[in-house]
>>> print(open('model_2.tsv').read())   # TSV, C-alpha atoms and all ligand atoms
chain	number	residue	atom	x	y	z
A	231	MET	CA	113.62	118.43	127.90
A	232	THR	CA	111.41	118.51	124.82
A	233	ARG	CA	109.67	115.29	124.09
A	234	ARG	CA	110.28	113.44	120.84
A	235	ARG	CA	107.15	113.58	118.69
A	236	VAL	CA	106.11	110.14	117.41
A	237	ALA	CA	103.83	109.30	114.46
A	238	ILE	CA	102.52	105.78	114.02
A	239	ALA	CA	101.43	104.53	110.60
A	240	GLY	CA	99.39	101.37	111.07
A	241	SER	CA	98.53	102.16	114.70
A	242	SER	CA	95.80	99.47	114.95
A	243	GLY	CA	98.19	96.64	114.04
A	244	SER	CA	100.60	94.63	116.15
A	245	ILE	CA	103.57	97.01	115.65
A	246	GLY	CA	101.36	100.09	116.12
A	247	ARG	CA	99.87	98.92	119.41
A	248	GLN	CA	103.29	97.98	120.77
A	249	THR	CA	104.72	101.34	119.70
A	250	ILE	CA	102.09	103.04	121.86
A	251	GLU	CA	103.10	100.81	124.79
A	252	VAL	CA	106.77	101.75	124.41
A	253	ALA	CA	106.00	105.47	124.08
A	254	LEU	CA	103.79	105.33	127.18
A	255	ALA	CA	106.56	103.58	129.12
A	256	GLU	CA	108.58	106.83	128.93
A	257	PRO	CA	105.98	109.61	128.83
A	258	ASP	CA	108.56	112.28	129.63
A	259	ARG	CA	110.54	111.39	126.48
A	260	TYR	CA	107.87	110.48	123.91
A	261	GLU	CA	104.61	112.01	122.79
A	262	VAL	CA	102.36	110.37	120.17
A	263	VAL	CA	101.28	113.20	117.83
A	264	ALA	CA	99.80	111.36	114.84
A	265	LEU	CA	98.06	108.04	114.16
A	266	ALA	CA	97.17	106.42	110.84
A	267	VAL	CA	95.00	103.41	110.00
A	268	ALA	CA	93.33	102.04	106.89
A	269	SER	CA	89.85	101.28	108.26
A	270	SER	CA	90.05	100.22	111.94
A	271	SER	CA	87.85	103.07	113.15
A	272	SER	CA	86.95	101.83	116.63
A	273	VAL	CA	90.59	101.07	117.51
A	274	VAL	CA	91.91	104.44	116.34
A	275	ILE	CA	89.07	106.33	118.06
A	276	ALA	CA	89.98	104.68	121.38
A	277	GLN	CA	93.69	105.32	120.80
A	278	ALA	CA	93.07	108.99	119.94
A	279	ARG	CA	90.90	109.54	123.02
A	280	ALA	CA	93.71	108.18	125.20
A	281	LEU	CA	96.67	109.83	123.45
A	282	ARG	CA	95.20	113.13	122.16
A	283	PRO	CA	97.20	113.27	118.89
A	284	ALA	CA	97.03	116.40	116.71
A	285	LEU	CA	96.27	114.35	113.58
A	286	VAL	CA	94.50	111.10	112.70
A	287	VAL	CA	94.73	109.64	109.19
A	288	VAL	CA	92.09	107.17	107.98
A	289	THR	CA	92.36	106.08	104.35
A	290	ASP	CA	88.99	104.30	104.05
A	291	PRO	CA	86.25	106.92	103.41
A	292	ALA	CA	83.45	105.31	105.45
A	293	ALA	CA	85.73	104.69	108.42
A	294	ARG	CA	87.08	108.24	108.12
A	295	ALA	CA	83.59	109.72	108.43
A	296	GLU	CA	83.01	107.66	111.59
A	297	VAL	CA	86.34	108.76	113.11
A	298	ALA	CA	85.72	112.43	112.26
A	299	ALA	CA	82.31	112.31	113.95
A	300	ALA	CA	83.78	110.68	117.08
A	301	LEU	CA	86.77	113.03	117.43
A	302	PRO	CA	85.61	116.64	117.12
A	303	GLY	CA	88.51	119.10	117.18
A	304	VAL	CA	91.07	116.56	115.90
A	305	GLU	CA	92.49	117.11	112.41
A	306	ILE	CA	91.47	114.18	110.17
A	307	SER	CA	93.21	113.34	106.88
A	308	ALA	CA	92.68	110.84	104.07
A	309	ASN	CA	96.31	110.83	102.96
A	310	LEU	CA	98.59	108.25	104.60
A	311	ALA	CA	101.77	110.29	104.01
A	312	ASP	CA	100.30	113.20	106.02
A	313	VAL	CA	101.07	111.23	109.20
A	314	VAL	CA	104.71	112.31	108.81
A	315	GLY	CA	104.04	116.07	109.11
A	316	PRO	CA	103.82	116.65	112.89
A	317	ALA	CA	106.48	114.06	113.87
A	318	ASP	CA	110.21	113.80	114.61
A	319	VAL	CA	110.18	110.00	114.30
A	320	VAL	CA	107.74	107.90	112.28
A	321	ILE	CA	107.13	104.21	112.97
A	322	ASN	CA	105.94	102.58	109.75
A	323	GLY	CA	103.96	99.52	110.79
A	324	VAL	CA	101.66	99.42	107.76
A	325	VAL	CA	101.20	95.93	106.31
A	326	GLY	CA	102.54	95.30	102.81
A	327	PHE	CA	103.25	97.51	99.81
A	328	ALA	CA	100.69	100.08	101.02
A	329	GLY	CA	103.34	101.37	103.44
A	330	LEU	CA	105.52	102.81	100.68
A	331	PRO	CA	104.24	106.44	100.81
A	332	VAL	CA	105.09	106.64	104.52
A	333	THR	CA	108.62	105.36	103.94
A	334	MET	CA	109.22	107.83	101.10
A	335	GLU	CA	107.65	110.86	102.78
A	336	THR	CA	109.51	110.34	106.08
A	337	LEU	CA	112.89	110.19	104.37
A	338	ARG	CA	112.02	113.03	101.98
A	339	ALA	CA	111.15	115.19	105.00
A	340	GLY	CA	114.56	114.43	106.57
A	341	LYS	CA	113.12	112.64	109.62
A	342	THR	CA	113.81	109.40	111.46
A	343	LEU	CA	112.02	106.37	110.02
A	344	GLY	CA	111.53	103.32	112.22
A	345	LEU	CA	110.82	100.79	109.49
A	346	ALA	CA	108.73	97.73	110.29
A	347	ASN	CA	107.22	97.72	106.79
A	348	LYS	CA	109.85	95.66	104.96
A	349	GLU	CA	107.78	95.39	101.75
A	350	SER	CA	108.25	99.08	100.90
A	351	LEU	CA	112.03	98.79	100.99
A	352	ILE	CA	112.09	95.47	99.15
A	353	ALA	CA	109.77	96.61	96.36
A	354	ALA	CA	111.09	100.13	95.92
A	355	GLY	CA	114.76	99.76	96.90
A	356	PRO	CA	116.12	101.69	93.89
A	357	ILE	CA	113.62	104.53	94.49
A	358	VAL	CA	114.07	104.68	98.27
A	359	ARG	CA	117.91	104.50	98.18
A	360	PRO	CA	118.55	108.14	97.12
A	361	LEU	CA	116.06	109.44	99.73
A	362	ARG	CA	118.26	108.01	102.48
A	363	HIS	CA	120.81	110.72	101.60
A	364	VAL	CA	118.37	113.57	102.35
A	365	PRO	CA	119.92	115.66	105.16
A	366	GLY	CA	118.47	114.54	108.50
A	367	ALA	CA	116.88	111.39	107.08
A	368	VAL	CA	117.70	108.28	109.13
A	369	LEU	CA	116.37	104.78	108.55
A	370	VAL	CA	116.39	102.59	111.66
A	371	PRO	CA	115.13	99.05	111.04
A	372	VAL	CA	112.41	97.76	113.36
A	373	ASP	CA	112.46	94.25	111.86
A	374	SER	CA	114.10	92.30	114.72
A	375	GLU	CA	116.81	90.71	112.55
A	376	HIS	CA	117.84	93.98	110.95
A	377	CYS	CA	117.69	95.81	114.24
A	378	ALA	CA	120.10	93.13	115.54
A	379	ILE	CA	122.47	93.62	112.61
A	380	HIS	CA	122.24	97.40	113.01
A	381	GLN	CA	123.34	96.97	116.63
A	382	CYS	CA	126.14	94.51	115.76
A	383	LEU	CA	127.51	96.90	113.13
A	384	ARG	CA	127.93	99.61	115.77
A	385	SER	CA	131.03	97.71	116.88
A	386	SER	CA	132.69	98.14	113.48
A	387	ARG	CA	134.61	101.14	112.14
A	388	SER	CA	134.30	100.26	108.45
A	389	ALA	CA	132.03	98.33	106.07
A	390	ALA	CA	135.17	96.65	104.71
A	391	GLU	CA	135.43	94.73	108.01
A	392	VAL	CA	132.11	92.93	107.45
A	393	GLY	CA	132.55	89.34	106.24
A	394	ARG	CA	128.95	88.13	106.19
A	395	LEU	CA	125.56	88.70	107.74
A	396	VAL	CA	123.79	85.72	109.31
A	397	LEU	CA	120.03	86.13	109.63
A	398	THR	CA	118.35	83.82	112.11
A	399	ALA	CA	114.94	82.28	111.35
A	400	SER	CA	112.70	80.62	113.92
A	401	GLY	CA	111.67	78.13	111.25
A	402	GLY	CA	108.01	78.98	111.91
A	403	PRO	CA	105.28	76.56	112.98
A	404	PHE	CA	106.10	73.95	110.31
A	405	ARG	CA	109.81	73.42	110.99
A	406	GLY	CA	110.76	69.77	110.62
A	407	ARG	CA	107.69	68.82	108.56
A	408	SER	CA	107.70	67.56	104.96
A	409	ALA	CA	106.02	69.15	101.93
A	410	ALA	CA	103.59	66.19	101.64
A	411	ASP	CA	102.68	66.53	105.29
A	412	LEU	CA	102.04	70.25	104.84
A	413	ALA	CA	99.89	70.10	101.70
A	414	THR	CA	96.61	70.39	103.59
A	415	VAL	CA	97.44	72.61	106.59
A	416	ARG	CA	94.79	75.10	107.66
A	417	VAL	CA	95.00	78.83	108.26
A	418	GLY	CA	94.91	78.42	112.05
A	419	GLU	CA	97.97	76.15	111.99
A	420	ALA	CA	99.96	78.64	109.88
A	421	LEU	CA	99.01	81.43	112.29
A	422	ALA	CA	100.22	79.55	115.38
A	423	HIS	CA	103.77	80.90	115.50
A	424	PRO	CA	105.95	79.18	118.13
A	425	THR	CA	107.92	82.22	119.39
A	426	TRP	CA	106.55	85.51	117.97
A	427	SER	CA	103.10	87.07	118.21
A	428	MET	CA	102.66	89.07	114.99
A	429	GLY	CA	100.07	90.08	112.39
A	430	PRO	CA	98.63	87.41	110.03
A	431	LYS	CA	100.57	88.43	106.87
A	432	VAL	CA	104.04	88.18	108.39
A	433	THR	CA	103.06	85.06	110.37
A	434	VAL	CA	102.07	83.21	107.18
A	435	ASP	CA	105.27	84.48	105.51
A	436	SER	CA	107.17	83.09	108.46
A	437	SER	CA	105.56	79.67	107.96
A	438	THR	CA	106.71	79.55	104.30
A	439	LEU	CA	110.15	81.13	105.00
A	440	MET	CA	109.19	83.86	102.48
A	441	ASN	CA	109.54	86.25	105.40
A	442	LYS	CA	113.19	85.25	105.73
A	443	GLY	CA	113.71	85.51	101.98
A	444	LEU	CA	112.24	89.03	101.99
A	445	GLU	CA	114.48	89.85	104.94
A	446	VAL	CA	117.55	88.75	102.96
A	447	ILE	CA	116.62	91.32	100.28
A	448	GLU	CA	115.87	93.86	103.02
A	449	ALA	CA	119.32	93.29	104.59
A	450	HIS	CA	120.97	93.70	101.19
A	451	GLU	CA	119.14	97.04	100.72
A	452	LEU	CA	119.74	98.31	104.25
A	453	PHE	CA	123.37	97.40	104.71
A	454	GLY	CA	124.71	97.22	101.13
A	455	VAL	CA	126.03	93.67	101.60
A	456	ASP	CA	126.01	91.28	98.59
A	457	LEU	CA	123.37	88.52	98.64
A	458	GLU	CA	126.19	85.94	98.49
A	459	SER	CA	127.40	87.24	101.86
A	460	ILE	CA	123.98	87.00	103.55
A	461	GLU	CA	123.12	83.63	105.04
A	462	VAL	CA	120.14	82.19	106.86
A	463	VAL	CA	120.32	79.81	109.81
A	464	VAL	CA	117.34	78.33	111.63
A	465	HIS	CA	117.35	79.07	115.36
A	466	PRO	CA	114.09	77.84	116.91
A	467	GLN	CA	114.36	79.75	120.23
A	468	SER	CA	114.41	83.21	118.53
A	469	VAL	CA	116.85	84.58	121.13
A	470	VAL	CA	119.79	85.30	118.82
A	471	HIS	CA	118.15	87.83	116.49
A	472	SER	CA	120.97	87.88	113.90
A	473	MET	CA	124.72	88.15	113.69
A	474	VAL	CA	127.57	89.81	111.83
A	475	GLU	CA	130.76	87.91	111.10
A	476	PHE	CA	133.76	90.17	110.60
A	477	THR	CA	136.79	89.61	108.37
A	478	ASP	CA	138.92	88.34	111.29
A	479	GLY	CA	136.44	85.51	112.03
A	480	SER	CA	134.75	87.20	114.99
A	481	THR	CA	130.98	86.98	115.20
A	482	ILE	CA	128.94	89.57	117.08
A	483	ALA	CA	125.32	88.67	117.84
A	484	GLN	CA	122.41	90.49	119.50
A	485	LEU	CA	120.38	88.46	122.00
A	486	SER	CA	117.12	89.12	123.82
A	487	MET	CA	113.86	87.27	124.39
A	488	PRO	CA	111.47	87.67	121.42
A	489	ASP	CA	109.73	91.00	122.07
A	490	MET	CA	109.11	93.55	119.30
A	491	ARG	CA	109.00	96.37	121.85
A	492	LEU	CA	112.80	96.19	121.97
A	493	PRO	CA	113.39	97.00	118.25
A	494	ILE	CA	110.57	99.57	118.40
A	495	GLY	CA	112.25	101.26	121.36
A	496	TYR	CA	115.60	101.09	119.57
A	497	ALA	CA	114.12	103.12	116.70
A	498	LEU	CA	112.26	105.56	118.97
A	499	GLY	CA	115.37	106.26	121.00
A	500	TRP	CA	117.99	106.24	118.21
A	501	PRO	CA	120.85	107.14	118.56
A	502	ASP	CA	120.30	106.71	122.31
A	503	ARG	CA	118.89	103.64	123.99
A	504	ILE	CA	115.60	103.82	125.86
A	505	SER	CA	115.81	103.22	129.60
A	506	VAL	CA	112.96	100.72	129.96
A	507	PRO	CA	114.09	97.13	129.25
A	508	PHE	CA	112.07	94.74	127.07
A	509	GLY	CA	112.99	91.12	126.32
A	510	ARG	CA	115.54	90.75	129.14
A	511	ILE	CA	117.10	87.29	129.34
A	512	ASP	CA	116.96	85.15	132.45
A	513	TRP	CA	120.17	83.15	131.91
A	514	THR	CA	119.31	80.71	134.69
A	515	THR	CA	116.27	79.41	132.78
A	516	LEU	CA	117.28	80.08	129.15
A	517	GLY	CA	118.77	76.60	128.70
A	518	ARG	CA	119.97	75.98	125.17
A	519	LEU	CA	120.32	77.76	121.85
A	520	ASP	CA	120.02	75.52	118.77
A	521	PHE	CA	121.00	76.20	115.16
A	522	GLU	CA	120.36	74.21	111.98
A	523	ALA	CA	120.32	74.66	108.20
A	524	PRO	CA	116.97	75.69	106.66
A	525	ASP	CA	115.02	73.01	104.71
A	526	ARG	CA	115.15	74.63	101.26
A	527	THR	CA	113.25	71.76	99.59
A	528	THR	CA	110.09	72.08	101.68
A	529	PHE	CA	110.32	75.86	102.11
A	530	ARG	CA	111.02	76.91	98.53
A	531	CYS	CA	110.07	80.55	99.04
A	532	LEU	CA	113.47	81.24	100.59
A	533	ASP	CA	115.33	80.55	97.34
A	534	LEU	CA	112.65	82.26	95.23
A	535	ALA	CA	113.44	85.42	97.16
A	536	TYR	CA	117.21	84.98	96.75
A	537	ALA	CA	116.62	84.59	92.98
A	538	ALA	CA	114.53	87.79	92.81
A	539	GLY	CA	117.17	89.61	94.86
A	540	ARG	CA	119.91	88.50	92.45
A	541	THR	CA	117.84	89.61	89.45
A	542	GLY	CA	117.27	92.95	91.16
A	543	GLY	CA	115.46	95.85	89.46
A	544	THR	CA	111.69	95.33	89.59
A	545	ALA	CA	111.95	91.59	90.44
A	546	PRO	CA	111.72	92.03	94.26
A	547	ALA	CA	108.63	94.26	93.81
A	548	THR	CA	106.89	91.63	91.72
A	549	LEU	CA	107.93	88.79	94.03
A	550	SER	CA	106.59	90.62	97.07
A	551	ALA	CA	103.32	91.53	95.30
A	552	ALA	CA	102.76	87.97	94.02
A	553	ASN	CA	103.40	86.70	97.54
A	554	GLU	CA	100.97	89.21	99.10
A	555	THR	CA	98.30	88.05	96.67
A	556	ALA	CA	98.98	84.38	97.41
A	557	VAL	CA	98.95	84.96	101.18
A	558	GLU	CA	95.66	86.89	100.95
A	559	ALA	CA	94.16	83.98	98.99
A	560	PHE	CA	95.44	81.50	101.58
A	561	LEU	CA	94.03	83.56	104.48
A	562	ALA	CA	90.69	83.77	102.66
A	563	GLY	CA	90.61	79.99	102.18
A	564	ARG	CA	91.02	80.22	98.40
A	565	LEU	CA	94.52	78.68	98.17
A	566	GLU	CA	96.22	75.76	99.89
A	567	TRP	CA	99.36	76.55	101.87
A	568	GLY	CA	101.33	74.10	99.73
A	569	ARG	CA	100.59	76.16	96.59
A	570	ILE	CA	101.90	79.52	97.83
A	571	ALA	CA	105.47	78.91	96.62
A	572	GLY	CA	104.24	77.56	93.28
A	573	VAL	CA	102.05	80.62	92.65
A	574	VAL	CA	104.98	82.95	93.32
A	575	GLU	CA	107.35	80.83	91.21
A	576	THR	CA	104.99	80.73	88.20
A	577	ALA	CA	104.25	84.45	88.48
A	578	MET	CA	107.99	85.22	88.48
A	579	SER	CA	108.61	82.95	85.48
A	580	ARG	CA	106.08	84.98	83.42
A	581	PHE	CA	107.46	88.35	84.44
A	582	ALA	CA	110.07	90.40	82.55
A	583	PRO	CA	112.14	92.39	85.06
A	584	SER	CA	113.40	95.88	84.29
A	585	THR	CA	115.26	98.67	86.06
A	586	PRO	CA	112.78	100.96	87.85
A	587	VAL	CA	113.48	104.65	87.42
A	588	THR	CA	110.32	106.20	88.82
A	589	LEU	CA	107.75	105.31	91.44
A	590	ASP	CA	105.34	104.50	88.59
A	591	ASP	CA	107.72	101.75	87.44
A	592	VAL	CA	107.57	100.22	90.91
A	593	LEU	CA	103.77	100.54	91.04
A	594	ALA	CA	103.54	98.83	87.63
A	595	ALA	CA	105.80	95.97	88.78
A	596	ASP	CA	103.68	95.56	91.90
A	597	ALA	CA	100.43	95.52	89.88
A	598	GLU	CA	101.92	92.99	87.47
A	599	GLY	CA	102.91	90.69	90.35
A	600	ARG	CA	99.36	90.82	91.71
A	601	ARG	CA	97.82	90.24	88.27
A	602	LEU	CA	100.09	87.27	87.45
A	603	ALA	CA	99.54	85.67	90.87
A	604	SER	CA	95.74	86.09	90.60
A	605	GLU	CA	95.86	84.49	87.15
A	606	VAL	CA	97.74	81.46	88.52
A	607	ILE	CA	95.49	81.16	91.60
A	608	GLY	CA	92.33	81.52	89.49
A	609	ARG	CA	92.88	78.35	87.54
B	701	MG	MG	111.84	89.78	111.13
>>> encode(input="model_2.tsv", output="structure tokens")
Amino acid sequence: MTRRRVAIAGSSGSIGRQTIEVALAEPDRYEVVALAVASSSSVVIAQARALRPALVVVTDPAARAEVAAALPGVEISANLADVVGPADVVINGVVGFAGLPVTMETLRAGKTLGLANKESLIAAGPIVRPLRHVPGAVLVPVDSEHCAIHQCLRSSRSAAEVGRLVLTASGGPFRGRSAADLATVRVGEALAHPTWSMGPKVTVDSSTLMNKGLEVIEAHELFGVDLESIEVVVHPQSVVHSMVEFTDGSTIAQLSMPDMRLPIGYALGWPDRISVPFGRIDWTTLGRLDFEAPDRTTFRCLDLAYAAGRTGGTAPATLSAANETAVEAFLAGRLEWGRIAGVVETAMSRFAPSTPVTLDDVLAADAEGRRLASEVIGR
């Protein structure tokens, strides 16, 4: 049997490292043929020595020179989208808007895209949509909630049977706390996620519920369901990863212990399932599953995202960019946690949305979101 060739964009990050683990769990089925990082030279050098990929992409020039010197005989590239070339399936684990070229190139090349980079789909939905019709192109979500919905939808014969999507949210580290109480929280507290171990950007987004808001837009893009039919429920145990309610009142849910290797393996194996289990449930110790409504007063980012999703066009791109800028400022100690939602809200109020036609329109909307957010943070 020929092995499926895997490329990993963002191989030094949390998704990238776990993708390597999953591929190595079934070495007779998967072969890692390309790795891409921004600047993490030492990590990618070690990964390449172990995995022997044909191609390593490093976008930062200084880091690229280091990697080239350490890996004689390996093809080295500066262009992130090149990672797609040698692969059958590409896992896009790049952080933020920077992942867009990988999303576009994978679909354009008619390959399977395992998408963990939600920002590219949220920002460039109208540009990415037509590429999903390229013959051979398949988009399999690696975000755990969307992977769950993707699995639930396999039980349905028609989109007309879908009543609503219910995305679960852990609630993050600040669930149950008030806005006043949260005004002065530190970076370390926002990064202490109760159920998931993830990169810093998505962990901060999880603490503000912006992550869930972005996921609502992502679900709308992926599954073509109206925003009014996508709901969010807080489920602190992170065992039910999301649900689909059908028109007859039935709800189908996907359950597993929180472990990103499961959605990664789902994308690597698609349309088959991998044979190594991750996140198996021990029902004798699981205990209880709780659900509650999200606190939309304290965690205002959730409704800011719904509003941008309803506006559509370039609004999600600008929202996501303004949020990235605010989160970067928070992580750098330049912005209080309690101001993140306000920065995004003010940036959105000063922005005039339009309908993006080209990639340049999306890039402009992204740049505008960053500029407006920086302006608000600066004062
Ligand atoms: Mg998620």
>>> closest_residue(input="model_2.tsv", among="A:Ala597, A:Leu254, A:Val372, A:Val325", to="ligand MG 701 (chain B)", atoms="all atoms listed in the file")
A:Val372
>>> closest_atom_pairs(input="model_2.tsv", of="chain A", to="ligand MG 701 (chain B)", cutoff="7 Å", atoms="only C-alpha atoms and all ligand atoms", output="CSV")
residue,atom,partner,partner_atom,distance
A:Asp373,CA,B:MG701,MG,4.6
A:Ser374,CA,B:MG701,MG,4.9
A:Glu375,CA,B:MG701,MG,5.3
A:Glu445,CA,B:MG701,MG,6.7
>>> closest_residue(input="model_2.tsv", among="A:Arg279, A:Arg510, A:His423, A:Arg491", to="Ala255 of chain A", atoms="all atoms listed in the file")
A:Arg491
>>> closest_residue(input="model_2.tsv", among="A:Asp525, A:Asp502, A:Asp590, A:Glu335", to="Arg259 of chain A", atoms="all atoms listed in the file")
A:Asp502
>>> residues_around(input="model_2.tsv", residues="segment 353-365 of chain A", least_positions_apart="6", cutoff="7 Å", atoms="all atoms listed in the file", output="VMD selection string")
chain A and resid 334 337 to 338 340 451 546 to 547 550 586 588 to 589 592
>>> write_last_selection(input="model_2.tsv", atoms="C-alpha atoms", output="mmCIF file, in the coordinates of the input")
data_model
loop_
_atom_site.group_PDB
_atom_site.id
_atom_site.type_symbol
_atom_site.label_atom_id
_atom_site.label_comp_id
_atom_site.auth_asym_id
_atom_site.auth_seq_id
_atom_site.Cartn_x
_atom_site.Cartn_y
_atom_site.Cartn_z
ATOM 1 C CA MET A 334 109.220 107.830 101.100
ATOM 2 C CA LEU A 337 112.890 110.190 104.370
ATOM 3 C CA ARG A 338 112.020 113.030 101.980
ATOM 4 C CA GLY A 340 114.560 114.430 106.570
ATOM 5 C CA GLU A 451 119.140 97.040 100.720
ATOM 6 C CA PRO A 546 111.720 92.030 94.260
ATOM 7 C CA ALA A 547 108.630 94.260 93.810
ATOM 8 C CA SER A 550 106.590 90.620 97.070
ATOM 9 C CA PRO A 586 112.780 100.960 87.850
ATOM 10 C CA THR A 588 110.320 106.200 88.820
ATOM 11 C CA LEU A 589 107.750 105.310 91.440
ATOM 12 C CA VAL A 592 107.570 100.220 90.910
#
>>> closest_residue(input="model_2.tsv", among="A:Ala292, A:Ala422, A:Met487, A:Leu345", to="Ser270 of chain A", atoms="only C-alpha atoms")
A:Ala292
>>> closest_residue(input="model_2.tsv", among="A:Pro583, A:Leu593, A:Arg407, A:Gly568", to="Leu330 of chain A", atoms="all atoms listed in the file")
A:Leu593
>>> atom_distance(input="model_2.tsv", atom1="atom CA of Ser480 of chain A", atom2="atom CA of Val396 of chain A")
12.4 Å
>>> atom_distance(input="model_2.tsv", atom1="atom CA of Gly240 of chain A", atom2="atom CA of Ile321 of chain A")
8.5 Å
>>> atom_distance(input="model_2.tsv", atom1="atom CA of Gly323 of chain A", atom2="atom CA of Gly563 of chain A")
25.2 Å
>>> decode(input="model_2.tsv", residues="segment 500-513 of chain A", atoms="N, CA, C and O atoms", output="mmCIF file, in the first residue's frame")
data_model
loop_
_atom_site.group_PDB
_atom_site.id
_atom_site.type_symbol
_atom_site.label_atom_id
_atom_site.label_comp_id
_atom_site.auth_asym_id
_atom_site.auth_seq_id
_atom_site.Cartn_x
_atom_site.Cartn_y
_atom_site.Cartn_z
ATOM 1 N N TRP A 500 -9.185 10.797 6.438
ATOM 2 C CA TRP A 500 -10.395 11.029 5.638
ATOM 3 C C TRP A 500 -10.262 10.455 4.215
ATOM 4 O O TRP A 500 -9.253 10.656 3.585
ATOM 5 N N PRO A 501 -11.294 9.715 3.715
ATOM 6 C CA PRO A 501 -12.604 9.446 4.330
ATOM 7 C C PRO A 501 -12.620 8.208 5.240
ATOM 8 O O PRO A 501 -13.684 7.811 5.707
ATOM 9 N N ASP A 502 -11.470 7.608 5.466
ATOM 10 C CA ASP A 502 -11.415 6.479 6.402
ATOM 11 C C ASP A 502 -11.037 6.979 7.788
ATOM 12 O O ASP A 502 -10.511 8.068 7.936
ATOM 13 N N ARG A 503 -11.258 6.152 8.783
ATOM 14 C CA ARG A 503 -10.812 6.491 10.135
ATOM 15 C C ARG A 503 -9.462 5.826 10.397
ATOM 16 O O ARG A 503 -9.204 4.741 9.900
ATOM 17 N N ILE A 504 -8.613 6.530 11.157
ATOM 18 C CA ILE A 504 -7.333 5.918 11.515
ATOM 19 C C ILE A 504 -7.604 4.795 12.524
ATOM 20 O O ILE A 504 -8.687 4.725 13.119
ATOM 21 N N SER A 505 -6.635 3.913 12.705
ATOM 22 C CA SER A 505 -6.895 2.754 13.559
ATOM 23 C C SER A 505 -6.297 2.879 14.948
ATOM 24 O O SER A 505 -6.437 1.976 15.773
ATOM 25 N N VAL A 506 -5.627 4.008 15.220
ATOM 26 C CA VAL A 506 -5.079 4.235 16.565
ATOM 27 C C VAL A 506 -6.025 5.192 17.307
ATOM 28 O O VAL A 506 -6.304 6.277 16.819
ATOM 29 N N PRO A 507 -6.554 4.788 18.476
ATOM 30 C CA PRO A 507 -7.515 5.653 19.159
ATOM 31 C C PRO A 507 -6.846 6.761 19.982
ATOM 32 O O PRO A 507 -5.824 6.526 20.635
ATOM 33 N N PHE A 508 -7.420 7.949 19.930
ATOM 34 C CA PHE A 508 -7.006 9.055 20.809
ATOM 35 C C PHE A 508 -8.251 9.578 21.502
ATOM 36 O O PHE A 508 -9.323 9.659 20.895
ATOM 37 N N GLY A 509 -8.142 9.977 22.762
ATOM 38 C CA GLY A 509 -9.270 10.583 23.468
ATOM 39 C C GLY A 509 -10.381 9.611 23.814
ATOM 40 O O GLY A 509 -11.538 10.012 23.928
ATOM 41 N N ARG A 510 -10.042 8.320 24.013
ATOM 42 C CA ARG A 510 -11.079 7.353 24.385
ATOM 43 C C ARG A 510 -11.674 7.715 25.744
ATOM 44 O O ARG A 510 -10.980 8.204 26.624
ATOM 45 N N ILE A 511 -12.965 7.434 25.895
ATOM 46 C CA ILE A 511 -13.659 7.781 27.140
ATOM 47 C C ILE A 511 -13.703 6.578 28.066
ATOM 48 O O ILE A 511 -14.055 5.476 27.647
ATOM 49 N N ASP A 512 -13.353 6.799 29.323
ATOM 50 C CA ASP A 512 -13.577 5.792 30.357
ATOM 51 C C ASP A 512 -14.900 6.164 31.034
ATOM 52 O O ASP A 512 -14.966 7.080 31.851
ATOM 53 N N TRP A 513 -15.975 5.458 30.661
ATOM 54 C CA TRP A 513 -17.313 5.823 31.141
ATOM 55 C C TRP A 513 -17.464 5.585 32.638
ATOM 56 O O TRP A 513 -18.352 6.170 33.256
#
